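Visitor: What follows is the file entry_3.cif, containing mmCIF, C-alpha atoms and all ligand atoms:
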data_upload
loop_
_atom_site.group_PDB
_atom_site.id
_atom_site.type_symbol
_atom_site.label_atom_id
_atom_site.label_comp_id
_atom_site.auth_asym_id
_atom_site.auth_seq_id
_atom_site.Cartn_x
_atom_site.Cartn_y
_atom_site.Cartn_z
ATOM 1 C CA MET A 534 16.364 -23.994 51.940
ATOM 2 C CA LEU A 535 17.610 -20.854 50.251
ATOM 3 C CA ASN A 536 21.088 -20.988 48.710
ATOM 4 C CA PHE A 537 23.603 -18.144 48.616
ATOM 5 C CA PHE A 538 22.215 -16.721 45.354
ATOM 6 C CA ASP A 539 18.598 -16.820 46.585
ATOM 7 C CA LEU A 540 19.635 -15.049 49.785
ATOM 8 C CA ARG A 541 21.575 -12.445 47.864
ATOM 9 C CA ASN A 542 18.601 -11.921 45.535
ATOM 10 C CA GLU A 543 16.166 -11.622 48.465
ATOM 11 C CA ASN A 544 18.433 -9.042 50.008
ATOM 12 C CA LEU A 545 18.640 -7.035 46.792
ATOM 13 C CA ILE A 546 14.884 -7.280 46.261
ATOM 14 C CA GLU A 547 14.304 -5.818 49.742
ATOM 15 C CA LYS A 548 16.667 -2.936 49.034
ATOM 16 C CA ILE A 549 15.063 -2.290 45.637
ATOM 17 C CA GLN A 550 11.555 -2.251 47.151
ATOM 18 C CA LYS A 551 12.689 0.255 49.762
ATOM 19 C CA LEU A 552 14.328 2.564 47.234
ATOM 20 C CA LYS A 553 11.334 2.322 44.961
ATOM 21 C CA LEU A 554 9.054 3.658 47.704
ATOM 22 C CA GLU A 555 11.486 6.369 48.799
ATOM 23 C CA LYS A 556 11.886 7.673 45.265
ATOM 24 C CA ASN A 557 8.307 7.127 44.059
ATOM 25 C CA ALA A 558 9.587 4.949 41.236
ATOM 26 C CA VAL A 559 7.782 2.355 39.191
ATOM 27 C CA ILE A 560 9.498 -0.709 37.739
ATOM 28 C CA LEU A 561 8.184 -1.888 34.390
ATOM 29 C CA ALA A 562 9.473 -5.202 33.062
ATOM 30 C CA HIS A 563 9.108 -6.990 29.766
ATOM 31 C CA PHE A 564 8.004 -10.646 29.709
ATOM 32 C CA TYR A 565 11.511 -11.589 28.538
ATOM 33 C CA GLN A 566 13.158 -10.376 31.724
ATOM 34 C CA ARG A 567 14.847 -12.694 34.230
ATOM 35 C CA PRO A 568 12.512 -14.309 36.860
ATOM 36 C CA GLU A 569 14.002 -12.240 39.704
ATOM 37 C CA ILE A 570 13.382 -9.015 37.754
ATOM 38 C CA GLN A 571 9.803 -10.095 37.076
ATOM 39 C CA LYS A 572 9.467 -10.727 40.805
ATOM 40 C CA VAL A 573 10.405 -7.187 41.773
ATOM 41 C CA ALA A 574 8.523 -5.454 38.928
ATOM 42 C CA ASP A 575 5.326 -3.470 39.489
ATOM 43 C CA PHE A 576 4.098 -4.415 36.087
ATOM 44 C CA ILE A 577 5.056 -7.081 33.532
ATOM 45 C CA GLY A 578 3.925 -6.804 29.949
ATOM 46 C CA ASP A 579 4.735 -6.551 26.266
ATOM 47 C CA SER A 580 5.912 -3.408 24.464
ATOM 48 C CA LEU A 581 2.415 -1.983 23.968
ATOM 49 C CA GLU A 582 1.317 -2.677 27.535
ATOM 50 C CA LEU A 583 4.534 -1.157 28.886
ATOM 51 C CA ALA A 584 4.048 1.948 26.731
ATOM 52 C CA LYS A 585 0.486 2.312 28.039
ATOM 53 C CA LYS A 586 1.569 1.791 31.646
ATOM 54 C CA ALA A 587 4.327 4.362 31.223
ATOM 55 C CA ARG A 588 1.689 6.828 30.055
ATOM 56 C CA GLU A 589 -0.641 6.131 32.989
ATOM 57 C CA THR A 590 1.837 6.166 35.848
ATOM 58 C CA ASN A 591 1.963 8.815 38.591
ATOM 59 C CA ALA A 592 5.488 7.820 39.577
ATOM 60 C CA ASP A 593 8.307 10.380 39.346
ATOM 61 C CA ILE A 594 10.778 7.816 38.048
ATOM 62 C CA ILE A 595 10.132 5.080 35.507
ATOM 63 C CA VAL A 596 12.630 2.239 35.485
ATOM 64 C CA MET A 597 12.377 0.259 32.292
ATOM 65 C CA CYS A 598 13.619 -3.301 32.605
ATOM 66 C CA GLY A 599 13.769 -4.110 28.953
ATOM 67 C CA VAL A 600 15.819 -2.980 25.995
ATOM 68 C CA TYR A 601 16.822 0.551 25.071
ATOM 69 C CA PHE A 602 14.043 1.365 22.612
ATOM 70 C CA MET A 603 11.469 0.540 25.316
ATOM 71 C CA ALA A 604 13.034 3.057 27.692
ATOM 72 C CA GLU A 605 13.169 5.624 24.872
ATOM 73 C CA THR A 606 9.485 5.020 24.163
ATOM 74 C CA ALA A 607 8.656 5.589 27.847
ATOM 75 C CA LYS A 608 10.617 8.864 27.741
ATOM 76 C CA ILE A 609 8.924 10.001 24.536
ATOM 77 C CA ILE A 610 5.531 9.439 26.153
ATOM 78 C CA ASN A 611 6.600 10.970 29.489
ATOM 79 C CA PRO A 612 9.105 13.723 28.690
ATOM 80 C CA GLU A 613 8.592 15.355 32.082
ATOM 81 C CA LYS A 614 9.551 12.185 33.963
ATOM 82 C CA LYS A 615 12.891 10.689 34.742
ATOM 83 C CA VAL A 616 13.227 7.440 32.776
ATOM 84 C CA LEU A 617 16.014 5.049 33.700
ATOM 85 C CA ILE A 618 17.344 1.842 32.193
ATOM 86 C CA PRO A 619 19.531 -0.369 34.400
ATOM 87 C CA TYR A 620 22.049 -1.051 31.641
ATOM 88 C CA TYR A 621 22.669 1.309 28.733
ATOM 89 C CA LYS A 622 24.047 -1.412 26.460
ATOM 90 C CA ALA A 623 20.769 -3.349 26.463
ATOM 91 C CA GLY A 624 20.052 -2.683 22.807
ATOM 92 C CA CYS A 625 17.967 -4.500 20.222
ATOM 93 C CA LEU A 626 19.803 -5.854 17.193
ATOM 94 C CA MET A 627 16.647 -5.787 15.152
ATOM 95 C CA ALA A 628 16.032 -2.123 15.957
ATOM 96 C CA ASP A 629 19.613 -1.372 14.872
ATOM 97 C CA THR A 630 18.900 -2.557 11.326
ATOM 98 C CA ALA A 631 16.662 0.456 10.659
ATOM 99 C CA ILE A 632 18.610 3.632 9.863
ATOM 100 C CA LYS A 633 16.943 7.040 9.888
ATOM 101 C CA GLU A 634 18.829 8.376 6.842
ATOM 102 C CA GLU A 635 17.868 5.339 4.747
ATOM 103 C CA ILE A 636 14.212 5.823 5.581
ATOM 104 C CA ILE A 637 14.402 9.517 4.667
ATOM 105 C CA GLU A 638 15.946 8.500 1.321
ATOM 106 C CA TYR A 639 13.207 5.946 0.765
ATOM 107 C CA LYS A 640 10.533 8.559 1.496
ATOM 108 C CA LYS A 641 12.055 10.923 -1.043
ATOM 109 C CA LYS A 642 11.842 8.239 -3.712
ATOM 110 C CA LYS A 643 8.377 7.023 -2.704
ATOM 111 C CA PRO A 644 6.532 9.903 -1.034
ATOM 112 C CA ASP A 645 3.128 8.206 -1.335
ATOM 113 C CA THR A 646 4.230 5.196 0.740
ATOM 114 C CA PHE A 647 3.149 5.102 4.374
ATOM 115 C CA ILE A 648 5.910 4.126 6.809
ATOM 116 C CA VAL A 649 4.698 1.685 9.459
ATOM 117 C CA THR A 650 7.382 1.185 12.067
ATOM 118 C CA TYR A 651 7.465 -1.520 14.676
ATOM 119 C CA VAL A 652 8.106 -0.051 18.156
ATOM 120 C CA ASN A 653 11.303 -2.098 18.145
ATOM 121 C CA SER A 654 13.103 0.859 16.603
ATOM 122 C CA SER A 655 15.121 3.861 17.741
ATOM 123 C CA ALA A 656 13.582 7.252 18.547
ATOM 124 C CA ASP A 657 15.332 8.621 15.423
ATOM 125 C CA VAL A 658 13.588 6.108 13.201
ATOM 126 C CA LYS A 659 10.231 6.630 14.883
ATOM 127 C CA ALA A 660 10.578 10.360 14.273
ATOM 128 C CA VAL A 661 10.647 9.842 10.491
ATOM 129 C CA SER A 662 7.841 7.259 10.471
ATOM 130 C CA ASP A 663 4.120 7.785 9.878
ATOM 131 C CA ILE A 664 2.856 5.384 12.521
ATOM 132 C CA CYS A 665 4.191 2.847 15.004
ATOM 133 C CA CYS A 666 2.818 -0.585 15.798
ATOM 134 C CA THR A 667 3.586 -3.494 18.067
ATOM 135 C CA SER A 668 3.376 -7.201 17.318
ATOM 136 C CA ALA A 669 0.050 -7.191 19.185
ATOM 137 C CA ASN A 670 -1.593 -4.518 17.049
ATOM 138 C CA ALA A 671 0.300 -4.507 13.717
ATOM 139 C CA VAL A 672 -2.442 -6.309 11.771
ATOM 140 C CA LYS A 673 -5.198 -4.129 13.259
ATOM 141 C CA ILE A 674 -3.314 -0.888 12.603
ATOM 142 C CA VAL A 675 -2.469 -1.637 8.962
ATOM 143 C CA LYS A 676 -6.031 -2.856 8.360
ATOM 144 C CA LYS A 677 -7.458 0.401 9.719
ATOM 145 C CA LEU A 678 -5.077 2.477 7.615
ATOM 146 C CA TYR A 679 -5.996 0.444 4.532
ATOM 147 C CA GLU A 680 -9.680 1.021 5.210
ATOM 148 C CA GLN A 681 -8.941 4.728 5.524
ATOM 149 C CA GLY A 682 -7.648 4.651 1.951
ATOM 150 C CA ILE A 683 -3.899 4.220 2.429
ATOM 151 C CA LYS A 684 -2.745 1.663 -0.119
ATOM 152 C CA LYS A 685 1.062 1.568 -0.086
ATOM 153 C CA PHE A 686 3.152 0.658 2.923
ATOM 154 C CA LEU A 687 6.717 0.107 3.980
ATOM 155 C CA PHE A 688 7.019 -2.078 7.072
ATOM 156 C CA VAL A 689 10.111 -1.364 9.222
ATOM 157 C CA PRO A 690 12.228 -3.146 10.459
ATOM 158 C CA ASP A 691 11.027 -6.741 10.955
ATOM 159 C CA ARG A 692 10.528 -8.594 7.684
ATOM 160 C CA ASN A 693 8.921 -11.549 9.503
ATOM 161 C CA LEU A 694 6.287 -9.505 11.322
ATOM 162 C CA GLY A 695 5.742 -7.538 8.110
ATOM 163 C CA SER A 696 5.146 -10.710 6.082
ATOM 164 C CA TYR A 697 2.757 -11.928 8.795
ATOM 165 C CA VAL A 698 0.737 -8.692 8.500
ATOM 166 C CA LYS A 699 0.682 -9.085 4.729
ATOM 167 C CA GLU A 700 -0.504 -12.690 5.004
ATOM 168 C CA LYS A 701 -3.278 -11.741 7.414
ATOM 169 C CA LEU A 702 -4.558 -8.900 5.252
ATOM 170 C CA GLY A 703 -4.292 -10.680 1.933
ATOM 171 C CA ASN A 704 -1.312 -10.597 -0.324
ATOM 172 C CA ASP A 705 -2.830 -7.959 -2.621
ATOM 173 C CA ILE A 706 -1.882 -5.353 -0.038
ATOM 174 C CA GLU A 707 1.049 -3.361 -1.371
ATOM 175 C CA MET A 708 3.628 -3.566 1.364
ATOM 176 C CA GLU A 709 7.383 -3.529 1.087
ATOM 177 C CA LEU A 710 9.408 -5.074 3.885
ATOM 178 C CA TRP A 711 12.576 -3.732 5.454
ATOM 179 C CA ASP A 712 15.217 -6.440 5.604
ATOM 180 C CA GLY A 713 15.547 -6.569 9.384
ATOM 181 C CA TYR A 714 14.848 -9.476 11.705
ATOM 182 C CA CYS A 715 15.186 -10.588 15.295
ATOM 183 C CA TYR A 716 18.100 -13.016 15.594
ATOM 184 C CA VAL A 717 16.385 -14.690 18.566
ATOM 185 C CA HIS A 718 13.179 -15.579 16.717
ATOM 186 C CA ASP A 719 14.592 -15.943 13.215
ATOM 187 C CA GLN A 720 16.906 -18.814 14.197
ATOM 188 C CA VAL A 721 14.028 -21.251 14.771
ATOM 189 C CA SER A 722 13.124 -23.593 11.916
ATOM 190 C CA LYS A 723 10.214 -25.835 11.023
ATOM 191 C CA GLU A 724 12.280 -28.864 12.134
ATOM 192 C CA ASP A 725 12.056 -27.571 15.708
ATOM 193 C CA VAL A 726 8.257 -27.621 15.489
ATOM 194 C CA ILE A 727 8.248 -31.072 13.866
ATOM 195 C CA PHE A 728 10.494 -32.416 16.656
ATOM 196 C CA TYR A 729 7.966 -31.433 19.343
ATOM 197 C CA ARG A 730 4.960 -32.551 17.302
ATOM 198 C CA GLU A 731 6.473 -36.046 17.026
ATOM 199 C CA ARG A 732 7.510 -36.147 20.664
ATOM 200 C CA PHE A 733 4.263 -34.768 22.126
ATOM 201 C CA PRO A 734 1.436 -35.285 19.616
ATOM 202 C CA LYS A 735 -1.049 -33.572 21.948
ATOM 203 C CA CYS A 736 0.989 -30.446 22.518
ATOM 204 C CA VAL A 737 0.058 -27.001 21.239
ATOM 205 C CA VAL A 738 2.723 -24.859 19.629
ATOM 206 C CA VAL A 739 2.479 -21.107 20.114
ATOM 207 C CA VAL A 740 4.864 -18.781 18.298
ATOM 208 C CA HIS A 741 5.628 -15.101 17.988
ATOM 209 C CA PRO A 742 5.096 -13.442 14.577
ATOM 210 C CA GLU A 743 8.799 -12.495 14.556
ATOM 211 C CA CYS A 744 9.406 -16.185 13.724
ATOM 212 C CA ARG A 745 9.841 -17.162 10.096
ATOM 213 C CA LYS A 746 6.835 -18.097 7.952
ATOM 214 C CA GLU A 747 7.805 -21.808 7.821
ATOM 215 C CA VAL A 748 7.559 -21.867 11.634
ATOM 216 C CA ARG A 749 4.367 -19.806 11.852
ATOM 217 C CA ASP A 750 2.706 -22.060 9.291
ATOM 218 C CA LEU A 751 3.152 -25.123 11.509
ATOM 219 C CA ALA A 752 2.073 -23.453 14.752
ATOM 220 C CA ASP A 753 -1.326 -23.749 16.446
ATOM 221 C CA PHE A 754 -1.282 -20.120 17.465
ATOM 222 C CA VAL A 755 0.647 -17.057 16.335
ATOM 223 C CA GLY A 756 0.607 -14.008 18.558
ATOM 224 C CA SER A 757 2.485 -11.359 20.473
ATOM 225 C CA THR A 758 3.634 -12.153 23.994
ATOM 226 C CA SER A 759 0.446 -10.716 25.541
ATOM 227 C CA GLN A 760 -1.665 -12.699 23.065
ATOM 228 C CA ILE A 761 0.308 -15.860 23.914
ATOM 229 C CA VAL A 762 -0.435 -15.224 27.610
ATOM 230 C CA LYS A 763 -4.172 -14.967 26.831
ATOM 231 C CA PHE A 764 -4.060 -18.091 24.672
ATOM 232 C CA VAL A 765 -2.341 -20.122 27.408
ATOM 233 C CA LYS A 766 -4.978 -19.042 29.952
ATOM 234 C CA GLN A 767 -7.795 -20.441 27.867
ATOM 235 C CA THR A 768 -6.311 -23.513 26.153
ATOM 236 C CA SER A 769 -7.149 -26.931 27.550
ATOM 237 C CA ALA A 770 -3.866 -28.374 26.254
ATOM 238 C CA LYS A 771 -1.591 -29.735 28.961
ATOM 239 C CA ILE A 772 1.662 -29.307 27.065
ATOM 240 C CA VAL A 773 2.535 -25.977 25.511
ATOM 241 C CA VAL A 774 5.592 -25.467 23.312
ATOM 242 C CA VAL A 775 6.575 -21.833 23.408
ATOM 243 C CA GLY A 776 8.074 -20.165 20.350
ATOM 244 C CA THR A 777 9.318 -16.931 21.823
ATOM 245 C CA GLU A 778 12.024 -15.770 24.207
ATOM 246 C CA GLU A 779 12.072 -18.201 27.112
ATOM 247 C CA GLY A 780 11.746 -15.529 29.821
ATOM 248 C CA ILE A 781 8.014 -15.648 29.229
ATOM 249 C CA ILE A 782 7.881 -19.271 30.415
ATOM 250 C CA ASN A 783 8.524 -18.114 33.972
ATOM 251 C CA TYR A 784 5.413 -15.932 33.716
ATOM 252 C CA LEU A 785 3.329 -18.658 32.018
ATOM 253 C CA LYS A 786 4.173 -21.178 34.756
ATOM 254 C CA LYS A 787 2.757 -18.758 37.309
ATOM 255 C CA ILE A 788 -0.541 -18.219 35.518
ATOM 256 C CA ALA A 789 -0.955 -21.873 34.457
ATOM 257 C CA PRO A 790 0.958 -24.051 36.964
ATOM 258 C CA GLU A 791 -0.946 -27.172 35.886
ATOM 259 C CA LYS A 792 0.585 -27.067 32.389
ATOM 260 C CA THR A 793 4.013 -28.154 31.168
ATOM 261 C CA PHE A 794 5.962 -25.707 29.034
ATOM 262 C CA TYR A 795 8.805 -26.367 26.625
ATOM 263 C CA SER A 796 10.906 -23.835 24.818
ATOM 264 C CA LEU A 797 10.695 -24.393 21.046
ATOM 265 C CA TYR A 798 14.385 -23.729 20.594
ATOM 266 C CA ARG A 799 17.350 -24.908 22.648
ATOM 267 C CA ARG A 800 18.600 -21.380 23.345
ATOM 268 C CA PHE A 801 15.652 -19.049 22.927
ATOM 269 C CA ILE A 802 17.342 -16.194 24.740
ATOM 270 C CA CYS A 803 17.662 -12.491 24.003
ATOM 271 C CA ASP A 804 21.028 -11.599 25.508
ATOM 272 C CA SER A 805 20.154 -7.902 25.733
ATOM 273 C CA MET A 806 17.083 -8.593 27.832
ATOM 274 C CA LYS A 807 19.235 -10.641 30.189
ATOM 275 C CA PHE A 808 21.684 -7.750 30.666
ATOM 276 C CA ILE A 809 19.244 -6.450 33.259
ATOM 277 C CA THR A 810 20.161 -8.041 36.587
ATOM 278 C CA LEU A 811 19.045 -7.324 40.148
ATOM 279 C CA SER A 812 22.371 -5.729 41.036
ATOM 280 C CA ARG A 813 22.177 -3.449 37.981
ATOM 281 C CA LEU A 814 18.591 -2.580 38.837
ATOM 282 C CA TYR A 815 19.563 -1.764 42.414
ATOM 283 C CA LYS A 816 22.436 0.444 41.285
ATOM 284 C CA CYS A 817 20.166 2.099 38.742
ATOM 285 C CA LEU A 818 17.677 3.125 41.435
ATOM 286 C CA LEU A 819 20.361 4.111 43.903
ATOM 287 C CA GLU A 820 22.418 6.281 41.535
ATOM 288 C CA GLU A 821 19.519 7.165 39.211
ATOM 289 C CA LYS A 822 21.309 6.056 36.106
ATOM 290 C CA TYR A 823 21.295 5.408 33.228
ATOM 291 C CA GLU A 824 18.933 8.213 32.456
ATOM 292 C CA ILE A 825 17.347 8.476 29.013
ATOM 293 C CA THR A 826 17.768 11.964 27.610
ATOM 294 C CA LEU A 827 16.362 12.933 24.244
ATOM 295 C CA ASP A 828 16.324 16.191 22.356
ATOM 296 C CA GLU A 829 13.025 18.080 22.730
ATOM 297 C CA ASN A 830 12.379 18.186 19.014
ATOM 298 C CA LEU A 831 13.138 14.485 18.644
ATOM 299 C CA ILE A 832 10.626 13.716 21.403
ATOM 300 C CA LYS A 833 8.005 15.830 19.639
ATOM 301 C CA GLU A 834 8.530 14.091 16.280
ATOM 302 C CA ALA A 835 8.873 10.547 17.667
ATOM 303 C CA ARG A 836 5.766 11.006 19.761
ATOM 304 C CA LYS A 837 3.487 11.574 16.768
ATOM 305 C CA PRO A 838 3.619 8.011 15.346
ATOM 306 C CA ILE A 839 3.329 6.528 18.846
ATOM 307 C CA GLU A 840 0.281 8.650 19.671
ATOM 308 C CA LYS A 841 -1.231 7.702 16.332
ATOM 309 C CA MET A 842 -0.718 4.029 17.198
ATOM 310 C CA LEU A 843 -2.266 4.445 20.655
ATOM 311 C CA GLU A 844 -5.278 6.166 19.062
ATOM 312 C CA LEU A 845 -5.833 3.303 16.615
ATOM 313 C CA SER A 846 -5.078 0.376 18.941
HETATM 314 S S1 LIG B 1 14.016 -10.520 21.362
HETATM 315 FE FE1 LIG B 1 14.702 -9.755 19.354
HETATM 316 S S2 LIG B 1 13.365 -8.035 18.907
HETATM 317 FE FE2 LIG B 1 13.166 -8.468 21.123
HETATM 318 S S3 LIG B 1 14.673 -7.147 22.058
HETATM 319 FE FE3 LIG B 1 15.712 -9.087 21.715
HETATM 320 S S4 LIG B 1 16.699 -8.831 19.698
HETATM 321 FE FE4 LIG B 1 15.198 -7.198 19.879
#
For the structure just supplied, provide its representation as structure tokens.
Guide:
Amino acid sequence: MLNFFDLRNENLIEKIQKLKLEKNAVILAHFYQRPEIQKVADFIGDSLELAKKARETNADIIVMCGVYFMAETAKIINPEKKVLIPYYKAGCLMADTAIKEEIIEYKKKKPDTFIVTYVNSSADVKAVSDICCTSANAVKIVKKLYEQGIKKFLFVPDRNLGSYVKEKLGNDIEMELWDGYCYVHDQVSKEDVIFYRERFPKCVVVVHPECRKEVRDLADFVGSTSQIVKFVKQTSAKIVVVGTEEGIINYLKKIAPEKTFYSLYRRFICDSMKFITLSRLYKCLLEEKYEITLDENLIKEARKPIEKMLELS
């Protein structure tokens, strides 16, 4: 039997579906979104997949259920479209650690260093970067650039993902790391992995590269959210311990209902992602706010590193 909250959610979902059709809108949602948001979304994916979907869509309105930089990225790729985010305060603390002016200063001092910027960054920061990457393609992108003869890199802003790229490509690669991190992933420690290993010796532990090295080193698989989804589809393990934001577990349970999932950390939650609720999404579609508006020149400059990434990925 449905309780009050289920009924209220069903009602909101119906209204959202109706508005979506009326306004020719598409709802894109990140894996870390609440289950009810995932339910109403047209597409669920990671940052790269969402960026690609935003580029392919014929909809007039793109509603990004994710954090602010994701909505900005959708706008940069689709300047002619209306891009909305249900809550304007849904920021990313990691993205906030990268400051445009500091990167410009760095470039002045080290003009031969290539700036590789994680998509988890503001449009301002993207605009002064040489290329963007996601956690799914960071290793591939830097490898290709290295093979093209680029030898010095600055990785912005996630020091954990940057160190993972370095590890994968061999430590002789000259790459400096910005001192940013994701508070959600960085809080996990190796003791959390050891706890599950002792409790469930047959489990597999999958973690996101935004986790610290000591955690990655003990994991069975390290990958972006989309890579974790692929891994879960093909593993024969019955128990999977998930080392990324727990919103993804809702999605994993749907694609692999026969498996048991545990969150690696007791509160593996990105508060910003959870700011997006059904009522905010409904209001967003109804009132067409909050709209992402970016200066034309900023769009032009921020688009270059994203396009370069999409070419190489
Ligand atoms: S999980 Fe971390 S990196 Fe992702 S949006 Fe939240 S704070 Fe930013």
Visitor: Would you mind listing the residues within 9 Å of ligand LIG 1 (chain B), counting all atoms listed in the file, as a count of residues only?
Guide: 31
Visitor: Using the chain letters and residue numbers of this document, give as a PDB file with C-alpha atoms, keeping the file's coordinate frame the residues selected by the PyMOL selection byres (((chain A and resi 748) around 9) and not hetatm).
Guide:
ATOM      1  CA  VAL A 721      14.028 -21.251  14.771  1.00  0.00           C
ATOM      2  CA  SER A 722      13.124 -23.593  11.916  1.00  0.00           C
ATOM      3  CA  LYS A 723      10.214 -25.835  11.023  1.00  0.00           C
ATOM      4  CA  GLU A 724      12.280 -28.864  12.134  1.00  0.00           C
ATOM      5  CA  ASP A 725      12.056 -27.571  15.708  1.00  0.00           C
ATOM      6  CA  VAL A 726       8.257 -27.621  15.489  1.00  0.00           C
ATOM      7  CA  VAL A 740       4.864 -18.781  18.298  1.00  0.00           C
ATOM      8  CA  CYS A 744       9.406 -16.185  13.724  1.00  0.00           C
ATOM      9  CA  ARG A 745       9.841 -17.162  10.096  1.00  0.00           C
ATOM     10  CA  LYS A 746       6.835 -18.097   7.952  1.00  0.00           C
ATOM     11  CA  GLU A 747       7.805 -21.808   7.821  1.00  0.00           C
ATOM     12  CA  ARG A 749       4.367 -19.806  11.852  1.00  0.00           C
ATOM     13  CA  ASP A 750       2.706 -22.060   9.291  1.00  0.00           C
ATOM     14  CA  LEU A 751       3.152 -25.123  11.509  1.00  0.00           C
ATOM     15  CA  ALA A 752       2.073 -23.453  14.752  1.00  0.00           C
ATOM     16  CA  GLY A 776       8.074 -20.165  20.350  1.00  0.00           C
TER      17      GLY A 776
END
Visitor: When you look at segment 757-766 of chain A with a cut-off of 9 Å (counting all atoms listed in the file), what residues show up, excluding the ones that are within fewer than 5 positions of it in the same chain? I need them as a list in words.
Guide: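 Skipping anything fewer than 5 positions along the chain leaves Phe564, Gly578, Asp579, Glu582, Thr667, Ser668, Ala669, Asn670, Val739, Val740, His741, Pro742, Glu743, Val773, Val775, Thr777, Ile781, Tyr784, Leu785, Ile788 and Ala789 of chain A.
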Visitor: Identify all residues satisfying the PyMOL selection byres (((chain A and resi 736) around 12) and not hetatm) in the given file; provide them as a PDB file with C-alpha atoms, in the frame of the given file.
Guide:
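Final output, selection.pdb:
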ATOM      1  CA  VAL A 726       8.257 -27.621  15.489  1.00  0.00           C
ATOM      2  CA  ILE A 727       8.248 -31.072  13.866  1.00  0.00           C
ATOM      3  CA  PHE A 728      10.494 -32.416  16.656  1.00  0.00           C
ATOM      4  CA  TYR A 729       7.966 -31.433  19.343  1.00  0.00           C
ATOM      5  CA  ARG A 730       4.960 -32.551  17.302  1.00  0.00           C
ATOM      6  CA  GLU A 731       6.473 -36.046  17.026  1.00  0.00           C
ATOM      7  CA  ARG A 732       7.510 -36.147  20.664  1.00  0.00           C
ATOM      8  CA  PHE A 733       4.263 -34.768  22.126  1.00  0.00           C
ATOM      9  CA  PRO A 734       1.436 -35.285  19.616  1.00  0.00           C
ATOM     10  CA  LYS A 735      -1.049 -33.572  21.948  1.00  0.00           C
ATOM     11  CA  VAL A 737       0.058 -27.001  21.239  1.00  0.00           C
ATOM     12  CA  VAL A 738       2.723 -24.859  19.629  1.00  0.00           C
ATOM     13  CA  VAL A 739       2.479 -21.107  20.114  1.00  0.00           C
ATOM     14  CA  ALA A 752       2.073 -23.453  14.752  1.00  0.00           C
ATOM     15  CA  ASP A 753      -1.326 -23.749  16.446  1.00  0.00           C
ATOM     16  CA  PHE A 754      -1.282 -20.120  17.465  1.00  0.00           C
ATOM     17  CA  VAL A 765      -2.341 -20.122  27.408  1.00  0.00           C
ATOM     18  CA  THR A 768      -6.311 -23.513  26.153  1.00  0.00           C
ATOM     19  CA  SER A 769      -7.149 -26.931  27.550  1.00  0.00           C
ATOM     20  CA  ALA A 770      -3.866 -28.374  26.254  1.00  0.00           C
ATOM     21  CA  LYS A 771      -1.591 -29.735  28.961  1.00  0.00           C
ATOM     22  CA  ILE A 772       1.662 -29.307  27.065  1.00  0.00           C
ATOM     23  CA  VAL A 773       2.535 -25.977  25.511  1.00  0.00           C
ATOM     24  CA  VAL A 774       5.592 -25.467  23.312  1.00  0.00           C
ATOM     25  CA  VAL A 775       6.575 -21.833  23.408  1.00  0.00           C
ATOM     26  CA  LYS A 792       0.585 -27.067  32.389  1.00  0.00           C
ATOM     27  CA  THR A 793       4.013 -28.154  31.168  1.00  0.00           C
ATOM     28  CA  PHE A 794       5.962 -25.707  29.034  1.00  0.00           C
ATOM     29  CA  TYR A 795       8.805 -26.367  26.625  1.00  0.00           C
ATOM     30  CA  LEU A 797      10.695 -24.393  21.046  1.00  0.00           C
TER      31      LEU A 797
END
Visitor: Residues picked by the PyMOL selection byres (((chain A and resi 558) around 6) and not hetatm) here, as a PyMOL selection string?
Guide: chain A and resi 553+556-557+559+592-595
Visitor: Restricting the calculation to all atoms listed in the file, which member of A:Lys633, A:Lys685, A:Arg799, A:Lys822 is positioned closest to Ile648 of chain A?
Guide: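 The closest residue to Ile648 of chain A is A:Lys685.
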Visitor: For Lys837 of chain A, which residue among A:Lys659, A:Arg541, A:Lys548, A:Lys586 is the nearest when counting all atoms listed in the file?
Guide: A:Lys659
Visitor: One decimal, in Å: what's the spacing between atom CA of Leu814 of chain A and atom CA of Lys551 of chain A?
Guide: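 Atom CA of Lys551 of chain A lies 12.7 Å from atom CA of Leu814 of chain A.
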Visitor: Hey, which of A:Tyr823, A:Gln720, A:Glu844, A:Pro838 ends up closest to Val661 of chain A? Count all atoms listed in the file.
Guide: A:Pro838
Visitor: Compare A:Tyr798, A:Phe686, A:Tyr621, A:Tyr679 by their minimum atom-to-atom distance to Val649 of chain A, counting all atoms listed in the file, and give me the closest one.
Guide: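 Closest to Val649 of chain A of all the choices is A:Phe686.
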Visitor: Nearest to Val689 of chain A: which of A:Glu840, A:Arg588, A:Glu613, A:Trp711 is it, counting all atoms listed in the file?
Guide: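 So, comparing all the options, the nearest one is A:Trp711.
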Visitor: Kindly indicate which residue among A:Phe808, A:Leu702, A:Ile570, A:Glu834 lies nearest to Val658 of chain A, using all atoms listed in the file for the distances.
Guide: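 Residue with the minimum atom-to-atom distance to Val658 of chain A: A:Glu834.
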Visitor: With all atoms of segment 602-606 of chain A from the file as input, state the centre and edge lengths in Å to one decimal of the axis-aligned box that has 5 Å extra on each side, as lines of an AutoDock Vina configuration file.
Guide:
center_x = 11.8
center_y = 3.1
center_z = 25.2
size_x = 14.6
size_y = 15.1
size_z = 15.1
Visitor: Give as a list in words the set of residues within 10 Å of the point (7.3, -9.5, 39.2), where distances use the file's coordinates and all atoms listed in the file.
Guide: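 Protein, DNA and RNA residues close to (7.3, -9.5, 39.2): Ile560, Leu561, Ala562, His563, Phe564, Gln566, Arg567, Pro568, Glu569, Ile570, Gln571, Lys572, Val573, Ala574, Asp575, Phe576, Ile577 and Tyr784 of chain A.
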